[in-house]
Amino acid sequence: MRILLVGGGGREHALALGLKADPEVTEIHCAPGNAGIAEIATLHDVDILDNGAVVALAQELDVDLVVIGPEAPLVNGVCDQLRAAGFATFGPSKAAAQLEGSKNFAKEVMHDAGVATAKSFTCENRMEIEKALDYFSPPYVVKDDGLAGGKGVVVTDDRQVALDHALSCKRVVIEEFLDGPEISLFGISDGKTILALEPAQDFKRALDGDQGPNTGGMGAYSPLPWAPSDIVEQTHREVLAPMIAEMAARGTPFIGLLYAGLSLTDHGIRVIEFNARFGDPETQVLIPRLKTPLASLLYKAATRNLEGEKIAWHPLSAVTVVLAAQGYPTDPKKYQLVAKLPTIADTFIFQAGGGRILSATGVGSDLTEARDRAYRAISQIEVEGSFYRTDIAFNASVAEKGN
Ligand code: AMP
Ligand code: GLY
């Protein structure tokens with residue numbers, strides 16, 4: 001199988017590694033890729049927001065499967081054009097990607113699918129905004145309706161801050177604060193059938209102890225020893241399957257990866273958000289644990305053939321720690337990556353580029369072992385001004401030891 005992978009972050013580096021491990025795969029191409037992916041795939045310098053250029057590349061390479069990593073090309077409709085040109089494509093159509101592209105659209109679909117989420121109001125003017133803020137008590141949750149690159153959500157006790165953010169958005173969703181641990185749980189869908197992956201937990205704040213600004217994610221781990229044992233089944237039943245059925249009923253089937261960001265509240269599972277793609281850095285802990293060959297799985301999804309499939313996992317734990325550039329996330333500085341990255345057994349370095357320089361994933365028989373390996377690697381990489389959190393998976397590893 002010849003594959004074209006679109007994207008160039010840590011997530012795509014991990015996906016490339018997973019694809020390469022599948023014996024069916026003969027060639028991997030990546031656009032635009034990065035220095036780490038270059039060791040696995042042939043890179044192509046193509047503008048991934050130019051749909052025509054992506055289709056032309058797929059044609060030139062005559063690939064059997066196209067896998068889209070980031071949200072921007074999805075929302076831009078690249079999958080519609082790839083499918084129209086006859087390519088098996090893993091990624092949702094422009095219409096289905098609106099589950100990530102518009103918070104209001106996601107709320108409407110959840111409502112029609114009977115999926116539990118925070119109560120919310122969508123507002124377009126000051127009067128509606130004030131009314132919604134009056135309805136809820138602090139902390140206020142204010143979300144820009146559109147794609148905002150992780151900067152669209154403000155959670156604050158300060159009404160003025162909430163109001164200012166809401167007024168700065170064209171359309172804004174104001175919603176109930178969900179109190180509970182957050183997890184990420186992904187499903188791979190062929191439009192009719194969706195297979196749930198194991199959950200991961202992401203660390204969104206920049207600094208230790210969940211302090212500092214929101215980021216794209218500073219680290220992750222999987223599995224979650226503290227989560228209810230039926231969390232995967234329950235999320236499949238209550239969230240993933242109803243969403244896929246509703247999208248199909250609307251005539252816009254969701255083919256690709258449905259990312260559910262969930263809050264495990266005292267009243268049950270509540271959806272915080274959907275994304276239309278693999279999470280970053282959650283993918284960096286899921287791929288090393290995945291036993292099912294990745295390329296064949298994504299190909300079955302892309303060709304609407306997932307029914308009856310099962311996903312298998314290695315009985316291993318994985319922890320990933322992100323090394324971020326000075327100033328990330330507000331104003332990341334340019335950096336120089338040392339030529340030689342450490343090679344440590346059972347550890348993977350996934351390169352990114354941008355504010356998140358790379359992440360180190362350690363794999364082990366439990367979270368403590370995986371964590372030690374990830375931190376041993378990350379502490380050996382010196383980039384001036386860069387930083388990382390020291391508490392990724394710490395609480396979970398302590399809790400696991402106590403069991
Ligand atoms: P999002 O961009 O939707 O992932 O939101 C960013 C972060 O804001 C989430 O990971 C949560 O930590 C937080 N957040 C979003 N919505 C809520 C909510 N309704 N209640 C509590 N926290 C939230
Ligand atoms: N880790 C959060 C995201 O991928 O959106």
# chains A, B, ... in the order shown; residues from 1 in each chain; ligands from 1
>>> closest_atom_pairs(of="chain A", to="ligand 1", cutoff="10 Å", atoms="only C-alpha atoms and all ligand atoms", output="Markdown table")
| residue | atom | partner | partner_atom_place_in_ligand_line | distance |
| --- | --- | --- | --- | --- |
| A:Glu100 | CA | ligand 1 | 3 (O) | 9.2 |
| A:Lys103 | CA | ligand 1 | 3 (O) | 8.1 |
| A:Thr117 | CA | ligand 1 | 19 (N) | 8.0 |
| A:Ala118 | CA | ligand 1 | 19 (N) | 5.5 |
| A:Lys119 | CA | ligand 1 | 19 (N) | 8.2 |
| A:Ser120 | CA | ligand 1 | 19 (N) | 8.6 |
| A:Pro139 | CA | ligand 1 | 21 (C) | 8.2 |
| A:Tyr140 | CA | ligand 1 | 20 (N) | 8.3 |
| A:Val141 | CA | ligand 1 | 18 (C) | 5.8 |
| A:Val142 | CA | ligand 1 | 16 (N) | 7.8 |
| A:Lys143 | CA | ligand 1 | 3 (O) | 7.2 |
| A:Asp144 | CA | ligand 1 | 2 (O) | 9.0 |
| A:Asp145 | CA | ligand 1 | 3 (O) | 10.0 |
| A:Leu147 | CA | ligand 1 | 2 (O) | 9.0 |
| A:Ala148 | CA | ligand 1 | 2 (O) | 8.3 |
| A:Gly149 | CA | ligand 1 | 2 (O) | 8.2 |
| A:Gly150 | CA | ligand 1 | 2 (O) | 5.3 |
| A:Lys151 | CA | ligand 1 | 2 (O) | 7.2 |
| A:Gly152 | CA | ligand 1 | 2 (O) | 6.4 |
| A:Val153 | CA | ligand 1 | 5 (O) | 5.3 |
| A:Val154 | CA | ligand 1 | 8 (O) | 6.8 |
| A:Val155 | CA | ligand 1 | 8 (O) | 6.4 |
| A:Thr156 | CA | ligand 1 | 22 (N) | 9.6 |
| A:Val173 | CA | ligand 1 | 16 (N) | 9.9 |
| A:Ile174 | CA | ligand 1 | 19 (N) | 8.5 |
| A:Glu175 | CA | ligand 1 | 19 (N) | 5.7 |
| A:Glu176 | CA | ligand 1 | 19 (N) | 5.3 |
| A:Phe177 | CA | ligand 1 | 20 (N) | 3.6 |
| A:Leu178 | CA | ligand 1 | 20 (N) | 3.7 |
| A:Asp179 | CA | ligand 1 | 21 (C) | 6.1 |
| A:Gly180 | CA | ligand 1 | 21 (C) | 8.1 |
| A:Pro181 | CA | ligand 1 | 12 (O) | 9.1 |
| A:Glu182 | CA | ligand 1 | 12 (O) | 7.0 |
| A:Ile183 | CA | ligand 1 | 10 (O) | 8.9 |
| A:Ser184 | CA | ligand 1 | 10 (O) | 9.4 |
| A:Asp202 | CA | ligand 1 | 10 (O) | 8.4 |
| A:Phe203 | CA | ligand 1 | 10 (O) | 8.5 |
| A:Lys204 | CA | ligand 1 | 10 (O) | 6.4 |
| A:Arg205 | CA | ligand 1 | 12 (O) | 8.5 |
| A:Asp210 | CA | ligand 1 | 12 (O) | 9.9 |
| A:Asn214 | CA | ligand 1 | 7 (C) | 7.0 |
| A:Thr215 | CA | ligand 1 | 6 (C) | 8.5 |
| A:Gly216 | CA | ligand 1 | 4 (O) | 8.7 |
| A:Gly217 | CA | ligand 1 | 10 (O) | 9.1 |
| A:Ala260 | CA | ligand 1 | 4 (O) | 9.6 |
| A:Gly261 | CA | ligand 1 | 4 (O) | 6.9 |
| A:Leu262 | CA | ligand 1 | 10 (O) | 8.7 |
| A:Ser263 | CA | ligand 1 | 21 (C) | 7.8 |
| A:Arg270 | CA | ligand 1 | 19 (N) | 8.8 |
| A:Val271 | CA | ligand 1 | 19 (N) | 8.3 |
| A:Ile272 | CA | ligand 1 | 16 (N) | 5.1 |
| A:Glu273 | CA | ligand 1 | 3 (O) | 4.9 |
| A:Phe274 | CA | ligand 1 | 3 (O) | 7.6 |
| A:Asn275 | CA | ligand 1 | 4 (O) | 8.6 |
>>> select_by_dssp(residues="region 118-320 of chain A", states="helix (DSSP H, G or I)", output="ChimeraX atom specification")
/A:126-135,159-168,208-210,231-249,283-289,294-302
>>> residues_around(residues="Ile48 (chain A)", least_positions_apart="6", cutoff="10 Å", atoms="only C-alpha atoms", output="mmCIF file with N, CA, C and O atoms, in the first residue's frame")
data_model
loop_
_atom_site.group_PDB
_atom_site.id
_atom_site.type_symbol
_atom_site.label_atom_id
_atom_site.label_comp_id
_atom_site.auth_asym_id
_atom_site.auth_seq_id
_atom_site.Cartn_x
_atom_site.Cartn_y
_atom_site.Cartn_z
ATOM 1 N N VAL A 6 -0.861 13.770 5.160
ATOM 2 C CA VAL A 6 -0.839 15.234 5.071
ATOM 3 C C VAL A 6 -0.704 15.834 6.470
ATOM 4 O O VAL A 6 -1.492 15.521 7.374
ATOM 5 N N GLY A 7 0.307 16.677 6.658
ATOM 6 C CA GLY A 7 0.542 17.336 7.938
ATOM 7 C C GLY A 7 2.024 17.321 8.257
ATOM 8 O O GLY A 7 2.817 16.732 7.511
ATOM 9 N N GLY A 8 2.396 17.945 9.368
ATOM 10 C CA GLY A 8 3.832 18.003 9.675
ATOM 11 C C GLY A 8 4.122 18.221 11.145
ATOM 12 O O GLY A 8 5.126 18.811 11.504
ATOM 13 N N ALA A 31 3.270 15.347 3.134
ATOM 14 C CA ALA A 31 3.295 16.759 2.765
ATOM 15 C C ALA A 31 2.773 17.592 3.935
ATOM 16 O O ALA A 31 1.675 17.311 4.389
ATOM 17 N N PRO A 32 3.477 18.590 4.461
ATOM 18 C CA PRO A 32 4.856 18.873 4.114
ATOM 19 C C PRO A 32 5.849 18.040 4.918
ATOM 20 O O PRO A 32 7.011 17.986 4.549
ATOM 21 N N VAL A 54 -2.901 19.239 -3.399
ATOM 22 C CA VAL A 54 -2.887 17.968 -2.660
ATOM 23 C C VAL A 54 -3.406 16.840 -3.557
ATOM 24 O O VAL A 54 -2.818 15.752 -3.618
ATOM 25 N N VAL A 55 -4.484 17.104 -4.293
ATOM 26 C CA VAL A 55 -5.029 16.095 -5.213
ATOM 27 C C VAL A 55 -3.990 15.768 -6.294
ATOM 28 O O VAL A 55 -3.743 14.588 -6.603
ATOM 29 N N ILE A 68 -5.362 12.461 6.285
ATOM 30 C CA ILE A 68 -5.212 13.885 6.586
ATOM 31 C C ILE A 68 -5.051 14.055 8.098
ATOM 32 O O ILE A 68 -5.898 13.592 8.870
ATOM 33 N N PRO A 70 -4.100 17.368 10.149
ATOM 34 C CA PRO A 70 -4.603 18.572 10.824
ATOM 35 C C PRO A 70 -6.014 18.993 10.404
ATOM 36 O O PRO A 70 -6.518 18.568 9.354
ATOM 37 N N ALA A 72 -7.154 22.114 9.589
ATOM 38 C CA ALA A 72 -7.351 23.176 8.594
ATOM 39 C C ALA A 72 -7.676 22.626 7.198
ATOM 40 O O ALA A 72 -8.650 23.060 6.573
ATOM 41 N N PRO A 73 -6.913 21.642 6.673
ATOM 42 C CA PRO A 73 -7.290 21.107 5.350
ATOM 43 C C PRO A 73 -8.640 20.390 5.352
ATOM 44 O O PRO A 73 -9.332 20.395 4.321
ATOM 45 N N LEU A 74 -9.019 19.801 6.474
ATOM 46 C CA LEU A 74 -10.323 19.120 6.554
ATOM 47 C C LEU A 74 -11.450 20.126 6.400
ATOM 48 O O LEU A 74 -12.369 19.958 5.590
ATOM 49 N N ASN A 76 -11.235 22.872 5.145
ATOM 50 C CA ASN A 76 -11.066 23.471 3.824
ATOM 51 C C ASN A 76 -11.605 22.567 2.700
ATOM 52 O O ASN A 76 -11.574 22.935 1.527
ATOM 53 N N VAL A 78 -10.558 19.386 1.690
ATOM 54 C CA VAL A 78 -9.634 18.606 0.859
ATOM 55 C C VAL A 78 -10.140 17.177 0.634
ATOM 56 O O VAL A 78 -9.947 16.595 -0.439
#
>>> residues_around(residues="Lys310 (chain A)", least_positions_apart="6", cutoff="12 Å", atoms="only C-alpha atoms", output="PDB file with all heavy atoms, in the first residue's frame")
ATOM      1  N   GLY A 187     -12.697   7.828  18.184  1.00  0.00           N
ATOM      2  CA  GLY A 187     -13.307   6.727  17.452  1.00  0.00           C
ATOM      3  C   GLY A 187     -12.890   6.801  15.990  1.00  0.00           C
ATOM      4  O   GLY A 187     -12.760   7.889  15.418  1.00  0.00           O
ATOM      5  N   ILE A 188     -12.661   5.630  15.391  1.00  0.00           N
ATOM      6  CA  ILE A 188     -12.331   5.546  13.957  1.00  0.00           C
ATOM      7  C   ILE A 188     -13.583   5.116  13.234  1.00  0.00           C
ATOM      8  O   ILE A 188     -14.154   4.062  13.552  1.00  0.00           O
ATOM      9  CB  ILE A 188     -11.170   4.563  13.736  1.00  0.00           C
ATOM     10  CG1 ILE A 188      -9.931   5.189  14.378  1.00  0.00           C
ATOM     11  CG2 ILE A 188     -10.966   4.265  12.245  1.00  0.00           C
ATOM     12  CD1 ILE A 188      -8.638   4.567  14.028  1.00  0.00           C
ATOM     13  N   THR A 193     -20.021   2.607  10.901  1.00  0.00           N
ATOM     14  CA  THR A 193     -19.511   1.909  12.086  1.00  0.00           C
ATOM     15  C   THR A 193     -18.418   2.773  12.690  1.00  0.00           C
ATOM     16  O   THR A 193     -17.618   3.353  11.950  1.00  0.00           O
ATOM     17  CB  THR A 193     -18.914   0.547  11.653  1.00  0.00           C
ATOM     18  OG1 THR A 193     -19.962  -0.236  11.072  1.00  0.00           O
ATOM     19  CG2 THR A 193     -18.305  -0.199  12.822  1.00  0.00           C
ATOM     20  N   ILE A 194     -18.390   2.835  14.036  1.00  0.00           N
ATOM     21  CA  ILE A 194     -17.268   3.549  14.665  1.00  0.00           C
ATOM     22  C   ILE A 194     -16.650   2.664  15.732  1.00  0.00           C
ATOM     23  O   ILE A 194     -17.361   2.049  16.529  1.00  0.00           O
ATOM     24  CB  ILE A 194     -17.689   4.942  15.211  1.00  0.00           C
ATOM     25  CG1 ILE A 194     -16.474   5.696  15.763  1.00  0.00           C
ATOM     26  CG2 ILE A 194     -18.811   4.850  16.241  1.00  0.00           C
ATOM     27  CD1 ILE A 194     -16.672   7.202  15.900  1.00  0.00           C
ATOM     28  N   LEU A 195     -15.319   2.541  15.698  1.00  0.00           N
ATOM     29  CA  LEU A 195     -14.578   1.737  16.666  1.00  0.00           C
ATOM     30  C   LEU A 195     -13.881   2.684  17.631  1.00  0.00           C
ATOM     31  O   LEU A 195     -13.143   3.572  17.202  1.00  0.00           O
ATOM     32  CB  LEU A 195     -13.530   0.870  15.962  1.00  0.00           C
ATOM     33  CG  LEU A 195     -14.012  -0.023  14.824  1.00  0.00           C
ATOM     34  CD1 LEU A 195     -12.823  -0.779  14.224  1.00  0.00           C
ATOM     35  CD2 LEU A 195     -15.065  -1.015  15.318  1.00  0.00           C
ATOM     36  N   ALA A 196     -14.123   2.470  18.930  1.00  0.00           N
ATOM     37  CA  ALA A 196     -13.526   3.361  19.930  1.00  0.00           C
ATOM     38  C   ALA A 196     -12.105   2.929  20.240  1.00  0.00           C
ATOM     39  O   ALA A 196     -11.804   1.741  20.345  1.00  0.00           O
ATOM     40  CB  ALA A 196     -14.368   3.335  21.196  1.00  0.00           C
ATOM     41  N   LEU A 197     -11.212   3.901  20.363  1.00  0.00           N
ATOM     42  CA  LEU A 197      -9.849   3.638  20.819  1.00  0.00           C
ATOM     43  C   LEU A 197      -9.829   3.736  22.349  1.00  0.00           C
ATOM     44  O   LEU A 197     -10.795   4.144  22.970  1.00  0.00           O
ATOM     45  CB  LEU A 197      -8.869   4.649  20.227  1.00  0.00           C
ATOM     46  CG  LEU A 197      -8.838   4.775  18.705  1.00  0.00           C
ATOM     47  CD1 LEU A 197      -7.701   5.689  18.286  1.00  0.00           C
ATOM     48  CD2 LEU A 197      -8.686   3.411  18.050  1.00  0.00           C
ATOM     49  N   LEU A 290      -0.851   0.705  20.043  1.00  0.00           N
ATOM     50  CA  LEU A 290      -1.785   0.063  19.106  1.00  0.00           C
ATOM     51  C   LEU A 290      -1.178  -1.198  18.502  1.00  0.00           C
ATOM     52  O   LEU A 290      -0.084  -1.158  17.947  1.00  0.00           O
ATOM     53  CB  LEU A 290      -2.131   1.057  17.993  1.00  0.00           C
ATOM     54  CG  LEU A 290      -3.162   0.607  16.970  1.00  0.00           C
ATOM     55  CD1 LEU A 290      -4.546   0.486  17.602  1.00  0.00           C
ATOM     56  CD2 LEU A 290      -3.203   1.591  15.798  1.00  0.00           C
ATOM     57  N   LYS A 291      -1.907  -2.307  18.601  1.00  0.00           N
ATOM     58  CA  LYS A 291      -1.420  -3.578  18.058  1.00  0.00           C
ATOM     59  C   LYS A 291      -1.981  -3.793  16.645  1.00  0.00           C
ATOM     60  O   LYS A 291      -1.293  -4.305  15.763  1.00  0.00           O
ATOM     61  CB  LYS A 291      -1.873  -4.709  18.980  1.00  0.00           C
ATOM     62  CG  LYS A 291      -1.200  -6.018  18.749  1.00  0.00           C
ATOM     63  CD  LYS A 291      -1.511  -6.928  19.928  1.00  0.00           C
ATOM     64  CE  LYS A 291      -1.047  -8.343  19.686  1.00  0.00           C
ATOM     65  NZ  LYS A 291      -1.523  -9.211  20.774  1.00  0.00           N
ATOM     66  N   THR A 292      -3.222  -3.407  16.429  1.00  0.00           N
ATOM     67  CA  THR A 292      -3.850  -3.542  15.106  1.00  0.00           C
ATOM     68  C   THR A 292      -3.049  -2.747  14.081  1.00  0.00           C
ATOM     69  O   THR A 292      -2.727  -1.585  14.329  1.00  0.00           O
ATOM     70  CB  THR A 292      -5.284  -2.977  15.161  1.00  0.00           C
ATOM     71  OG1 THR A 292      -5.999  -3.670  16.180  1.00  0.00           O
ATOM     72  CG2 THR A 292      -6.006  -3.122  13.839  1.00  0.00           C
ATOM     73  N   PRO A 293      -2.724  -3.337  12.933  1.00  0.00           N
ATOM     74  CA  PRO A 293      -1.968  -2.582  11.913  1.00  0.00           C
ATOM     75  C   PRO A 293      -2.729  -1.318  11.481  1.00  0.00           C
ATOM     76  O   PRO A 293      -3.892  -1.391  11.072  1.00  0.00           O
ATOM     77  CB  PRO A 293      -1.834  -3.585  10.771  1.00  0.00           C
ATOM     78  CG  PRO A 293      -1.986  -4.925  11.424  1.00  0.00           C
ATOM     79  CD  PRO A 293      -2.952  -4.730  12.547  1.00  0.00           C
ATOM     80  N   LEU A 297      -6.249  -0.541   9.048  1.00  0.00           N
ATOM     81  CA  LEU A 297      -7.419  -0.031   9.788  1.00  0.00           C
ATOM     82  C   LEU A 297      -7.955   1.245   9.131  1.00  0.00           C
ATOM     83  O   LEU A 297      -9.164   1.379   8.879  1.00  0.00           O
ATOM     84  CB  LEU A 297      -6.981   0.241  11.236  1.00  0.00           C
ATOM     85  CG  LEU A 297      -8.034   0.755  12.204  1.00  0.00           C
ATOM     86  CD1 LEU A 297      -9.123  -0.290  12.427  1.00  0.00           C
ATOM     87  CD2 LEU A 297      -7.384   1.127  13.554  1.00  0.00           C
ATOM     88  N   LYS A 300      -9.587   0.481   5.800  1.00  0.00           N
ATOM     89  CA  LYS A 300     -10.947  -0.079   5.947  1.00  0.00           C
ATOM     90  C   LYS A 300     -11.945   1.035   6.263  1.00  0.00           C
ATOM     91  O   LYS A 300     -13.075   1.015   5.787  1.00  0.00           O
ATOM     92  CB  LYS A 300     -10.969  -1.140   7.041  1.00  0.00           C
ATOM     93  CG  LYS A 300     -10.417  -2.464   6.556  1.00  0.00           C
ATOM     94  CD  LYS A 300     -10.364  -3.497   7.655  1.00  0.00           C
ATOM     95  CE  LYS A 300      -9.566  -4.701   7.167  1.00  0.00           C
ATOM     96  NZ  LYS A 300      -8.856  -5.384   8.245  1.00  0.00           N
TER      97      LYS A 300
END
>>> decode(residues="region 26-37 of chain A", atoms="all heavy atoms", output="compact mmCIF listing (two decimals), in the first residue's frame")
# COMPACT_ATOMS: atom_id res chain seq x y z
N THR A 26 4.07 -0.16 1.64
CA THR A 26 5.31 -0.22 0.86
C THR A 26 5.99 1.14 0.76
O THR A 26 7.21 1.21 0.63
CB THR A 26 5.01 -0.73 -0.56
OG1 THR A 26 3.93 0.05 -1.09
CG2 THR A 26 4.61 -2.20 -0.54
N GLU A 27 5.19 2.22 0.79
CA GLU A 27 5.76 3.57 0.61
C GLU A 27 4.94 4.57 1.42
O GLU A 27 3.71 4.53 1.39
CB GLU A 27 5.60 4.00 -0.85
CG GLU A 27 6.82 3.80 -1.71
CD GLU A 27 6.51 4.21 -3.15
OE1 GLU A 27 6.04 5.35 -3.37
OE2 GLU A 27 6.74 3.37 -4.04
N ILE A 28 5.64 5.48 2.09
CA ILE A 28 4.93 6.57 2.78
C ILE A 28 5.46 7.90 2.25
O ILE A 28 6.67 8.13 2.22
CB ILE A 28 5.13 6.52 4.30
CG1 ILE A 28 4.75 5.13 4.86
CG2 ILE A 28 4.28 7.59 4.99
CD1 ILE A 28 4.98 4.99 6.34
N HIS A 29 4.53 8.74 1.83
CA HIS A 29 4.86 10.10 1.41
C HIS A 29 4.18 11.06 2.38
O HIS A 29 3.11 10.76 2.90
CB HIS A 29 4.34 10.36 -0.01
CG HIS A 29 5.02 9.48 -1.02
ND1 HIS A 29 6.15 9.86 -1.69
CD2 HIS A 29 4.73 8.21 -1.43
CE1 HIS A 29 6.54 8.88 -2.49
NE2 HIS A 29 5.69 7.86 -2.35
N CYS A 30 4.81 12.21 2.60
CA CYS A 30 4.21 13.15 3.54
C CYS A 30 4.36 14.58 3.01
O CYS A 30 5.41 14.97 2.52
CB CYS A 30 4.87 13.00 4.91
SG CYS A 30 4.05 13.96 6.19
N ALA A 31 3.27 15.35 3.13
CA ALA A 31 3.30 16.76 2.76
C ALA A 31 2.77 17.59 3.94
O ALA A 31 1.67 17.31 4.39
CB ALA A 31 2.40 17.00 1.53
N PRO A 32 3.48 18.59 4.46
CA PRO A 32 4.86 18.87 4.11
C PRO A 32 5.85 18.04 4.92
O PRO A 32 7.01 17.99 4.55
CB PRO A 32 4.99 20.36 4.48
CG PRO A 32 4.07 20.54 5.64
CD PRO A 32 2.93 19.58 5.43
N GLY A 33 5.39 17.42 6.05
CA GLY A 33 6.29 16.64 6.89
C GLY A 33 7.17 17.52 7.74
O GLY A 33 6.96 18.73 7.84
N ASN A 34 8.17 16.90 8.39
CA ASN A 34 9.17 17.63 9.18
C ASN A 34 10.44 16.78 9.22
O ASN A 34 10.48 15.68 8.65
CB ASN A 34 8.63 17.98 10.57
CG ASN A 34 8.34 16.76 11.43
OD1 ASN A 34 9.07 15.76 11.40
ND2 ASN A 34 7.26 16.82 12.21
N ALA A 35 11.46 17.29 9.92
CA ALA A 35 12.77 16.61 9.91
C ALA A 35 12.68 15.19 10.46
O ALA A 35 13.41 14.29 10.00
CB ALA A 35 13.78 17.42 10.71
N GLY A 36 11.80 14.96 11.43
CA GLY A 36 11.66 13.61 12.00
C GLY A 36 10.96 12.67 11.03
O GLY A 36 11.37 11.53 10.85
N ILE A 37 9.90 13.18 10.40
CA ILE A 37 9.13 12.36 9.46
C ILE A 37 9.99 12.00 8.25
O ILE A 37 9.82 10.94 7.64
CB ILE A 37 7.83 13.10 9.04
CG1 ILE A 37 6.96 13.39 10.25
CG2 ILE A 37 7.05 12.29 8.00
CD1 ILE A 37 5.74 14.27 9.98
